[in-house]
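Next comes final-v1.txt, with compact mmCIF, C-alpha atoms.
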# COMPACT_ATOMS: atom_id res chain seq x y z
CA MET V 1 105.84 96.85 68.82
CA SER V 2 104.67 100.11 70.34
CA ALA V 3 106.86 103.14 69.68
CA HIS V 4 105.94 104.62 73.06
CA LEU V 5 106.79 103.72 76.61
CA SER V 6 104.33 101.60 78.55
CA ASP V 7 102.81 102.72 81.85
CA LEU V 8 104.95 100.04 83.45
CA THR V 9 108.10 101.83 82.39
CA LEU V 10 106.67 105.26 83.21
CA ASP V 11 105.71 104.00 86.66
CA GLU V 12 109.25 102.75 87.11
CA LEU V 13 110.57 106.18 86.18
CA LEU V 14 108.21 107.89 88.63
CA ALA V 15 109.10 105.42 91.37
CA GLU V 16 112.78 106.19 90.73
CA LEU V 17 113.51 102.60 89.78
CA PRO V 18 116.18 101.70 87.21
CA VAL V 19 115.04 101.79 83.58
CA ALA V 20 116.87 101.12 80.34
CA GLU V 21 118.93 104.03 79.15
CA ALA V 22 117.07 104.03 75.84
CA ASP V 23 113.75 104.44 77.68
CA ALA V 24 115.07 107.31 79.80
CA LEU V 25 116.24 109.02 76.63
CA HIS V 26 112.99 108.30 74.80
CA VAL V 27 110.86 110.09 77.37
CA ARG V 28 112.94 113.22 76.91
CA SER V 29 112.44 113.31 73.17
CA CYS V 30 108.85 112.04 72.81
CA VAL V 31 106.16 114.63 73.42
CA GLN V 32 103.42 112.02 73.91
CA CYS V 33 105.39 110.04 76.50
CA ALA V 34 106.52 113.20 78.28
CA GLU V 35 102.88 114.36 78.54
CA ARG V 36 101.79 110.97 79.80
CA LEU V 37 104.60 111.02 82.37
CA GLU V 38 103.52 114.46 83.57
CA ALA V 39 99.89 113.34 83.87
CA LEU V 40 100.87 110.28 85.89
CA LYS V 41 103.17 112.41 88.02
CA ALA V 42 100.36 114.83 88.81
CA GLU V 43 98.07 111.95 89.73
CA ARG V 44 100.80 110.51 91.91
CA LEU V 45 101.16 113.80 93.79
CA ALA V 46 97.40 114.03 94.21
CA PHE V 47 97.39 110.51 95.60
CA HIS V 48 99.81 111.44 98.36
CA ASP V 49 97.52 114.30 99.38
CA ARG V 50 94.54 112.00 99.82
CA LEU V 51 93.26 111.43 103.30
CA ASP V 52 92.34 107.82 102.58
CA ALA V 53 95.83 107.20 101.20
CA ALA V 54 97.34 108.44 104.46
CA ARG V 55 94.90 106.31 106.43
CA MET V 56 95.85 103.22 104.46
CA ARG V 57 99.53 103.83 105.09
CA GLN V 58 98.94 104.23 108.81
CA ARG V 59 96.95 101.02 108.79
CA LEU V 60 99.77 99.13 107.10
CA GLU V 61 102.35 100.66 109.43
CA ARG V 62 100.35 99.63 112.45
CA ALA V 63 100.26 96.08 111.12
CA THR V 64 104.05 95.94 110.98
CA PRO V 65 105.81 95.28 114.26
CA ARG V 66 108.50 97.76 115.25
CA THR V 67 111.75 95.88 115.64
CA GLU V 68 113.54 97.83 118.33
CA PRO V 69 117.05 96.61 119.12
CA ARG V 70 117.59 95.15 122.57
CA ARG V 71 118.96 97.63 125.09
CA SER V 72 122.19 95.67 125.61
CA THR V 73 123.07 95.93 121.93
CA ARG V 74 122.16 99.58 121.46
CA TRP V 75 125.61 100.92 122.42
CA VAL V 76 127.19 98.52 119.90
CA LEU V 77 124.91 99.87 117.19
CA ALA V 78 125.63 103.46 118.17
CA VAL V 79 129.40 102.92 118.01
CA SER V 80 129.08 101.04 114.71
CA THR V 81 127.00 103.82 113.22
CA ALA V 82 129.52 106.46 114.32
CA LEU V 83 132.40 104.44 112.89
CA ALA V 84 130.52 103.86 109.63
CA ALA V 85 129.78 107.58 109.36
CA SER V 86 133.45 108.43 109.97
CA LEU V 87 134.52 105.93 107.32
CA LEU V 88 131.98 107.32 104.87
CA LEU V 89 133.26 110.84 105.46
CA PHE V 90 136.82 109.63 104.95
CA ILE V 91 135.93 107.93 101.65
CA ALA V 92 133.51 110.48 100.31
CA TRP V 93 135.15 113.74 101.41
CA PRO V 94 136.22 115.51 98.24
CA GLY V 95 139.88 116.16 97.60
CA PRO V 96 141.36 119.58 96.91
CA GLY V 97 139.98 121.24 93.84
CA THR V 98 136.78 119.17 93.72
CA ARG V 99 133.69 121.24 93.00
CA LEU V 100 131.05 120.77 95.64
CA LYS V 101 128.17 122.50 93.91
CA GLY V 102 127.09 120.61 90.80
CA SER V 103 129.57 117.80 91.39
CA PRO V 104 128.87 114.47 89.73
CA VAL V 105 127.51 111.64 91.86
CA VAL V 106 127.71 107.87 91.60
CA GLU V 107 125.74 105.55 93.85
CA LEU V 108 125.09 101.83 94.05
CA LYS V 109 121.60 100.83 95.07
CA ASN V 110 119.90 97.61 95.99
CA ALA V 111 116.21 97.24 96.78
CA ASN V 112 116.80 98.90 100.17
CA GLY V 113 118.46 101.97 98.74
CA THR V 114 122.03 103.21 98.49
CA THR V 115 124.65 100.75 99.62
CA THR V 116 128.41 100.23 99.75
CA THR V 117 128.19 96.58 100.79
CA ALA V 118 126.70 93.70 98.84
CA HIS V 119 126.59 89.94 98.84
CA VAL V 120 127.76 87.79 95.97
CA GLY V 121 124.85 87.21 93.57
CA GLU V 122 123.01 90.35 94.66
CA SER V 123 121.64 92.62 91.95
CA LEU V 124 122.60 96.29 92.14
CA SER V 125 121.91 99.28 89.98
CA VAL V 126 124.38 102.08 89.35
CA TRP V 127 122.92 105.57 89.60
CA VAL V 128 124.74 108.59 88.27
CA GLY V 129 124.19 112.30 88.45
CA GLY V 130 126.21 114.53 86.17
CA GLY V 131 126.10 117.69 88.24
CA THR V 132 126.95 120.39 85.73
CA TYR V 133 128.23 117.84 83.19
CA GLU V 134 126.29 116.24 80.35
CA LYS V 135 128.39 113.18 79.48
CA GLY V 136 129.61 110.31 81.57
CA ALA V 137 131.43 107.01 81.64
CA LEU V 138 131.61 104.35 84.33
CA VAL V 139 134.66 102.20 84.89
CA ALA V 140 135.04 99.37 87.42
CA VAL V 141 138.34 98.46 89.06
CA GLU V 142 138.64 95.13 90.78
CA ALA V 143 140.98 94.24 93.62
CA ASN V 144 143.12 92.21 91.22
CA GLY V 145 143.65 95.30 89.05
CA HIS V 146 141.24 94.32 86.28
CA VAL V 147 139.68 97.41 84.69
CA SER V 148 136.44 97.35 82.70
CA CYS V 149 134.13 99.99 81.32
CA LEU V 150 130.51 99.55 82.41
CA TRP V 151 128.79 102.33 80.53
CA SER V 152 129.25 105.58 78.68
CA GLY V 153 126.71 108.04 77.35
CA ASP V 154 124.52 111.04 78.09
CA VAL V 155 123.90 111.95 81.70
CA LEU V 156 120.29 112.93 82.26
CA PRO V 157 119.24 115.67 84.69
CA GLY V 158 118.97 114.48 88.29
CA ILE V 159 120.28 111.11 89.42
CA ASN V 160 119.38 108.18 87.18
CA ALA V 161 120.09 104.47 86.95
CA VAL V 162 122.29 103.67 83.99
CA GLN V 163 123.39 100.12 84.55
CA ARG V 164 122.35 96.99 86.41
CA LEU V 165 125.00 94.75 87.92
CA SER V 166 125.23 91.32 89.43
CA VAL V 167 127.75 91.14 92.26
CA THR V 168 130.53 88.58 91.98
CA PRO V 169 133.32 87.90 94.51
CA GLY V 170 135.85 90.63 95.26
CA ASP V 171 135.64 94.30 96.23
CA VAL V 172 135.27 96.77 93.40
CA ALA V 173 135.68 100.51 92.93
CA VAL V 174 133.32 102.14 90.44
CA TRP V 175 134.54 105.40 88.93
CA LEU V 176 132.31 107.92 87.23
CA PHE V 177 133.97 110.22 84.72
CA ALA V 178 131.92 113.28 83.90
CA ALA V 179 132.63 115.80 81.15
CA HIS V 180 130.98 118.32 78.88
CA GLN V 181 131.98 116.48 75.70
CA SER V 182 131.46 112.87 74.71
CA LEU V 183 133.40 110.37 76.75
CA THR V 184 134.38 107.04 75.29
CA CYS V 185 134.87 103.87 77.27
CA VAL V 186 138.35 103.60 75.78
CA ALA V 187 139.42 107.02 77.10
CA ALA V 188 137.96 106.43 80.56
CA GLU V 189 139.44 102.93 80.80
CA ALA V 190 142.85 104.21 79.75
CA GLN V 191 142.73 106.87 82.44
CA VAL V 192 141.94 104.30 85.11
CA GLN V 193 144.58 101.88 83.87
CA ARG V 194 147.22 104.62 84.15
CA ALA V 195 146.17 105.32 87.72
CA VAL V 196 146.12 101.61 88.60
CA ALA V 197 149.62 101.19 87.18
CA ALA V 198 150.80 103.98 89.47
CA VAL V 199 149.60 102.13 92.59
CA ALA V 200 150.44 98.62 91.55
CA ASN V 201 149.85 96.98 94.92
CA SER V 202 146.47 98.45 95.71
CA PRO V 203 144.37 99.00 92.57
CA LEU V 204 141.32 100.00 94.61
CA SER V 205 143.17 103.06 95.90
CA ALA V 206 143.97 104.31 92.39
CA GLU V 207 142.76 107.84 91.75
CA PRO V 208 142.42 108.52 88.04
CA SER V 209 142.49 112.09 86.74
CA PRO V 210 139.41 113.44 84.96
CA VAL V 211 139.15 113.22 81.20
CA GLN V 212 139.07 116.54 79.34
CA ASP V 213 138.10 119.31 81.78
CA GLY V 214 135.66 117.08 83.61
CA ALA V 215 135.48 115.54 87.06
CA THR V 216 135.63 112.11 88.66
CA VAL V 217 133.95 110.54 91.62
CA SER V 218 133.93 106.97 92.87
CA VAL V 219 132.22 104.53 95.15
CA LEU V 220 133.87 101.52 96.75
CA LEU V 221 131.74 98.38 97.00
CA HIS V 222 132.67 95.88 99.68
CA VAL V 223 131.54 92.42 98.59
CA VAL V 224 130.62 89.91 101.26
CA PRO V 225 131.20 86.32 100.10
CA MET R 1 133.74 92.22 90.43
CA VAL R 2 130.45 92.78 88.66
CA ASP R 3 128.53 91.33 85.74
CA GLU R 4 125.85 93.12 83.75
CA VAL R 5 122.52 91.33 83.99
CA SER R 6 119.13 91.51 82.36
CA PRO R 7 115.88 91.43 84.34
CA ARG R 8 114.96 87.90 85.27
CA ARG R 9 111.65 86.34 84.48
CA CYS R 10 109.32 85.27 87.20
CA ALA R 11 106.45 82.86 87.27
CA ILE R 12 102.99 84.28 87.71
CA PRO R 13 102.22 84.37 91.42
CA ARG R 14 99.10 82.67 92.68
CA VAL R 15 97.10 84.89 94.95
CA SER R 16 93.96 84.36 96.89
CA SER R 17 91.41 86.70 98.35
CA ARG R 18 91.74 87.52 102.03
CA GLY R 19 89.71 89.08 104.76
CA ALA R 20 89.51 92.82 105.18
CA GLY R 21 91.83 93.04 108.17
CA VAL R 22 95.56 93.58 107.99
CA SER R 23 97.26 90.72 109.74
CA ASN R 24 100.52 91.20 111.54
CA VAL R 25 102.90 89.70 108.99
CA SER R 26 106.00 91.38 107.67
CA ALA R 27 108.65 88.72 107.25
CA GLY R 28 111.95 90.27 106.36
CA LEU R 29 110.72 93.87 106.27
CA LYS R 30 111.14 96.49 108.93
CA HIS R 31 108.56 98.96 110.15
CA SER R 32 110.53 101.77 108.53
CA ASP R 33 110.37 99.98 105.15
CA ILE R 34 106.62 100.29 104.93
CA ARG R 35 106.51 104.03 104.44
CA GLU R 36 109.14 103.92 101.73
CA LEU R 37 107.45 101.03 99.90
CA TYR R 38 104.05 102.64 100.20
CA ASP R 39 105.20 106.02 98.92
CA ARG R 40 106.97 104.38 96.01
CA TYR R 41 104.40 101.83 94.87
CA ALA R 42 100.97 102.68 96.27
CA PRO R 43 100.08 105.37 93.69
CA ALA R 44 100.67 102.92 90.84
CA VAL R 45 98.82 100.12 92.65
CA PHE R 46 95.82 102.31 93.36
CA ARG R 47 95.63 103.76 89.86
CA ARG R 48 95.94 100.34 88.31
CA ALA R 49 93.44 98.72 90.66
CA ARG R 50 90.91 101.48 90.07
CA ALA R 51 91.35 101.20 86.32
CA ILE R 52 90.37 97.53 86.55
CA VAL R 53 87.75 97.47 89.33
CA GLY R 54 86.29 100.94 88.86
CA ARG R 55 85.37 101.70 92.48
CA ASP R 56 87.60 103.45 94.99
CA ALA R 57 86.51 101.20 97.83
CA ASP R 58 87.40 98.08 95.85
CA ALA R 59 90.65 99.64 94.73
CA TRP R 60 91.64 100.28 98.37
CA ASP R 61 90.94 96.63 99.15
CA VAL R 62 93.34 95.72 96.37
CA VAL R 63 95.97 98.17 97.67
CA GLN R 64 95.73 96.58 101.10
CA GLU R 65 96.08 93.07 99.74
CA VAL R 66 98.98 93.97 97.48
CA PHE R 67 100.94 95.38 100.41
CA GLN R 68 99.97 92.39 102.50
CA HIS R 69 101.59 90.19 99.85
CA MET R 70 104.57 92.51 99.66
CA LEU R 71 105.13 92.31 103.40
CA GLU R 72 104.74 88.54 103.40
CA SER R 73 107.16 88.19 100.52
CA GLY R 74 109.75 90.30 102.33
CA HIS R 75 113.17 89.69 100.88
CA ALA R 76 111.78 87.84 97.86
CA PHE R 77 110.12 91.09 96.79
CA ARG R 78 113.31 93.00 97.51
CA ALA R 79 115.26 90.60 95.31
CA GLU R 80 113.06 91.18 92.27
CA ALA R 81 115.11 92.59 89.41
CA ARG R 82 112.12 94.69 88.32
CA PRO R 83 109.94 95.13 91.41
CA MET R 84 107.32 97.08 89.47
CA THR R 85 106.54 94.00 87.35
CA TRP R 86 105.83 92.08 90.57
CA VAL R 87 103.57 94.93 91.71
CA TYR R 88 101.75 94.95 88.36
CA ARG R 89 101.21 91.18 88.40
CA ILE R 90 99.87 91.03 91.93
CA THR R 91 97.67 94.09 91.47
CA THR R 92 96.26 92.74 88.22
CA ASN R 93 95.52 89.31 89.68
CA LEU R 94 93.83 90.67 92.78
CA ALA R 95 91.81 93.24 90.85
CA LEU R 96 90.73 90.66 88.29
CA ASN R 97 89.67 88.34 91.10
CA LEU R 98 87.28 91.10 92.18
CA VAL R 99 86.02 91.61 88.64
CA ARG R 100 85.51 87.87 88.20
CA GLY R 101 83.71 87.60 91.53
CA ARG R 102 81.47 90.51 90.59
CA ALA R 103 80.68 88.94 87.23
CA ILE R 104 79.62 85.73 88.97
CA ARG R 105 77.60 87.50 91.68
CA GLU R 106 76.02 90.09 89.41
CA PRO R 107 75.67 88.53 85.95
CA GLY R 108 74.73 91.08 83.31
CA ALA R 109 75.83 94.08 85.38
CA THR R 110 77.87 96.67 83.53
CA ALA R 111 81.28 97.74 84.73
CA PRO R 112 81.12 100.58 87.27
CA SER R 113 82.42 104.06 86.52
CA SER R 114 85.21 105.15 88.81
CA THR R 115 84.15 106.82 92.00
CA THR R 116 86.27 109.86 92.58
CA GLU R 117 85.58 111.09 96.09
CA GLU R 118 88.81 113.01 96.58
CA LEU R 119 91.10 112.55 93.66
CA GLY R 120 88.96 113.74 90.81
CA PRO R 121 88.74 111.95 87.49
CA SER R 122 91.64 109.68 86.70
CA VAL R 123 93.82 110.56 83.72
CA ASP R 124 92.49 107.33 82.22
CA GLU R 125 88.85 107.46 83.20
CA GLN R 126 87.09 107.24 79.84
CA PRO R 127 89.36 104.65 78.25
CA ALA R 128 89.47 102.70 81.52
CA HIS R 129 85.68 102.54 81.62
CA GLU R 130 85.65 101.01 78.14
CA ALA R 131 88.37 98.58 79.14
CA ARG R 132 86.40 97.57 82.24
CA ASP R 133 83.41 96.82 80.04
CA VAL R 134 85.59 94.47 78.03
CA LEU R 135 86.94 92.81 81.18
CA SER R 136 83.47 92.43 82.70
CA THR R 137 82.15 90.87 79.52
CA LEU R 138 85.04 88.43 79.32
CA ALA R 139 85.42 87.71 83.04
CA LYS R 140 83.43 84.50 83.05
CA GLY R 141 84.49 83.27 79.63
CA LEU R 142 88.26 83.32 80.01
CA THR R 143 90.80 81.68 82.26
CA GLU R 144 92.64 83.73 84.90
CA ARG R 145 95.72 83.99 82.73
CA GLU R 146 93.78 84.89 79.60
CA LEU R 147 91.97 87.62 81.51
CA ALA R 148 95.30 88.96 82.76
CA VAL R 149 96.57 89.06 79.17
CA VAL R 150 93.45 91.02 78.20
CA ALA R 151 94.03 93.49 81.06
CA TYR R 152 97.65 94.04 80.06
CA THR R 153 96.49 94.59 76.48
CA VAL R 154 93.43 96.82 76.83
CA ILE R 155 94.35 98.72 79.99
CA ASP R 156 98.12 98.98 79.75
CA GLY R 157 98.74 98.64 76.04
CA LEU R 158 101.74 96.44 76.80
CA THR R 159 103.52 94.80 73.92
CA GLN R 160 103.53 91.03 73.59
CA ASP R 161 107.16 91.05 74.70
CA GLU R 162 106.30 93.01 77.83
CA ILE R 163 103.37 90.75 78.66
CA ALA R 164 105.58 87.70 78.14
CA ASP R 165 108.17 89.19 80.47
CA LEU R 166 105.58 89.99 83.12
CA LEU R 167 104.04 86.53 83.07
CA GLY R 168 107.28 84.62 82.64
CA LEU R 169 106.11 83.13 79.33
CA SER R 170 107.47 83.18 75.81
CA ARG R 171 106.24 85.68 73.27
CA LYS R 172 105.00 82.77 71.14
CA THR R 173 102.78 81.60 73.99
CA ILE R 174 101.35 85.09 74.44
CA ASN R 175 100.72 85.31 70.70
CA ARG R 176 98.82 82.00 70.80
CA GLU R 177 96.87 83.12 73.87
CA LEU R 178 95.86 86.34 72.12
CA GLU R 179 94.65 84.37 69.10
CA ARG R 180 92.50 82.18 71.35
CA ILE R 181 91.24 85.25 73.22
CA ARG R 182 90.25 86.98 69.96
CA GLU R 183 88.26 83.93 68.93
CA ARG R 184 86.56 83.89 72.32
CA CYS R 185 85.92 87.65 72.05
CA ALA R 186 84.18 87.10 68.73
CA GLU R 187 81.93 84.46 70.33
CA LEU R 188 81.12 86.80 73.23
CA GLY R 189 80.46 89.79 70.98
CA VAL R 190 83.53 91.82 71.97
CA SER R 191 84.64 93.26 68.68
CA ARG R 192 87.84 95.08 69.62
CA LEU R 193 90.72 93.98 71.77
CA GLU R 194 93.02 96.93 71.83
CA HIS R 195 94.57 99.47 74.13
CA ARG R 196 91.93 102.02 75.25
CA ARG R 197 94.15 104.94 76.22

As structure tokens, the full file:
Amino acid sequence: MSAHLSDLTLDELLAELPVAEADALHVRSCVQCAERLEALKAERLAFHDRLDAARMRQRLERATPRTEPRRSTRWVLAVSTALAASLLLFIAWPGPGTRLKGSPVVELKNANGTTTTAHVGESLSVWVGGGTYEKGALVAVEANGHVSCLWSGDVLPGINAVQRLSVTPGDVAVWLFAAHQSLTCVAAEAQVQRAVAAVANSPLSAEPSPVQDGATVSVLLHVVP
Amino acid sequence: MVDEVSPRRCAIPRVSSRGAGVSNVSAGLKHSDIRELYDRYAPAVFRRARAIVGRDADAWDVVQEVFQHMLESGHAFRAEARPMTWVYRITTNLALNLVRGRAIREPGATAPSSTTEELGPSVDEQPAHEARDVLSTLAKGLTERELAVVAYTVIDGLTQDEIADLLGLSRKTINRELERIRERCAELGVSRLEHRR
């Protein structure tokens, strides 16, 4: 078996698709793979500057019908969008003491991009950004109060996929714990369990405290049956 | 509630050559999706296609057809656990169709060097040229699947596990295929079957 990453994996990295944690770590420590990644990245950038590449994209766009919403439904969409934005602000607005610059980030993505809603059976990836922190742990809380650790390890620079999930019934809150020192699943889980115990009737509203001198951030996934 | 999952295996898609025009098909995908998909996947499709077919013009034909398939597949493509494997499979099949067609139309012709009108030499030009020679030589003597296995080996340097995953086959099957291919290579005078990077 080859000790180096294949172009397939490097292309996935460049396309910002989820890759195995071990592969993401490998490319940071392997000179040969890092050089190959840089070469492919440069070629990728050159591609986007090509005139014929732009022409091909225009050609494909022209071949795809624009699906404009009907006039009668536009106001419904506008109101829905405004409500969704308000809800997002309400959920995502940081509490007192949260650092804005360099704050950790957790996102759930499907093939269409970031999402907070998913159907049962759908495959999602969890993306994390450590901000100014180097270590992280992910813990899921289900509506029935069940707490489970999804991942713990090094947080790479930028925002990277660390875990792939298959959606099963029931809403779930995913908490990212970020810290400067190693975080164990046990410590992160314990922190969430304490918070869940404090709000016994609504586990999804639990707000665990950071571990060590770190930070926490969460995303709530609404699961459509 | 969530379960961890591993990437699922998919059967090799059957693809056929189409006309040069882009037909108006985009089941399940919106106009706004195209730009995002193109920006994300087109560089890899073009690089890969050019590595196999050697000519920019042919590589653009492959790019167009790959996106045509992507648009037709719509949500099925979106549901792929590893979309890049789908992109690799389709690109490889379409590009190899061109190579096979060329081998039938122009028997004895050598594989073309990449044309590089705007981009300059590819990071893989020299090794890709050698790999194209191998593919051209083998194009008529191997089945579609065997030729795809050769492409994944000599152009991509994929492991047997990765090839098995891409084609939805077991590693044992890929191992057997490679044995058969090596025997065929010996008959056709291709001495090496290895990654050319």

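Restricting the calculation to all atoms listed in the file, the smallest distance between R:Ile155 and any of R:Leu135, R:Phe77, R:Arg89, R:Val62 is found for R:Leu135.
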
Taking all atoms listed in the file into account, report as JSON, numbers by chain which residues of chain V lie within 6 Å of chain R. {"V": [1, 15, 44, 63, 64, 66, 111, 142, 164, 165, 166, 167, 168, 169, 170, 172]}

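Atom to atom, atom CA of V:Glu61 and atom CA of V:Ala42 stand 25.1 Å apart.
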
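Using all atoms listed in the file, the smallest distance between any of V:Ala198, V:Ala179, V:Ala187, V:Val27 and V:Ala215 comes from V:Ala179.
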
Within 8 Å of (132.7, 108.9, 86.6) in the file's own coordinates, which protein, DNA or RNA residues have an atom, counting all atoms listed in the file? List them as a PyMOL selection string. chain V and resi 104-106+136-139+174-178+215-218

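Atom pair atom CA of V:Trp127 / atom CA of V:Val31 has a distance of 25.0 Å (rounded to one decimal).
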
Spatial neighbours of stretch 95-105 of chain R, max dist 8 Å, all atoms listed in the file, sep filter under 5 positions, as a ChimeraX atom specification: /R:17,49,52-53,58-59,62,135-136,139-140,144,147-148

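Straight-line separation from atom CA of V:Gly214 to atom CA of V:His180: 6.8 Å.
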
Restricting the calculation to all atoms listed in the file: of R:Leu169, R:Ala164, R:Leu142, R:Val66, which residue gets closest to R:Leu94? R:Val66
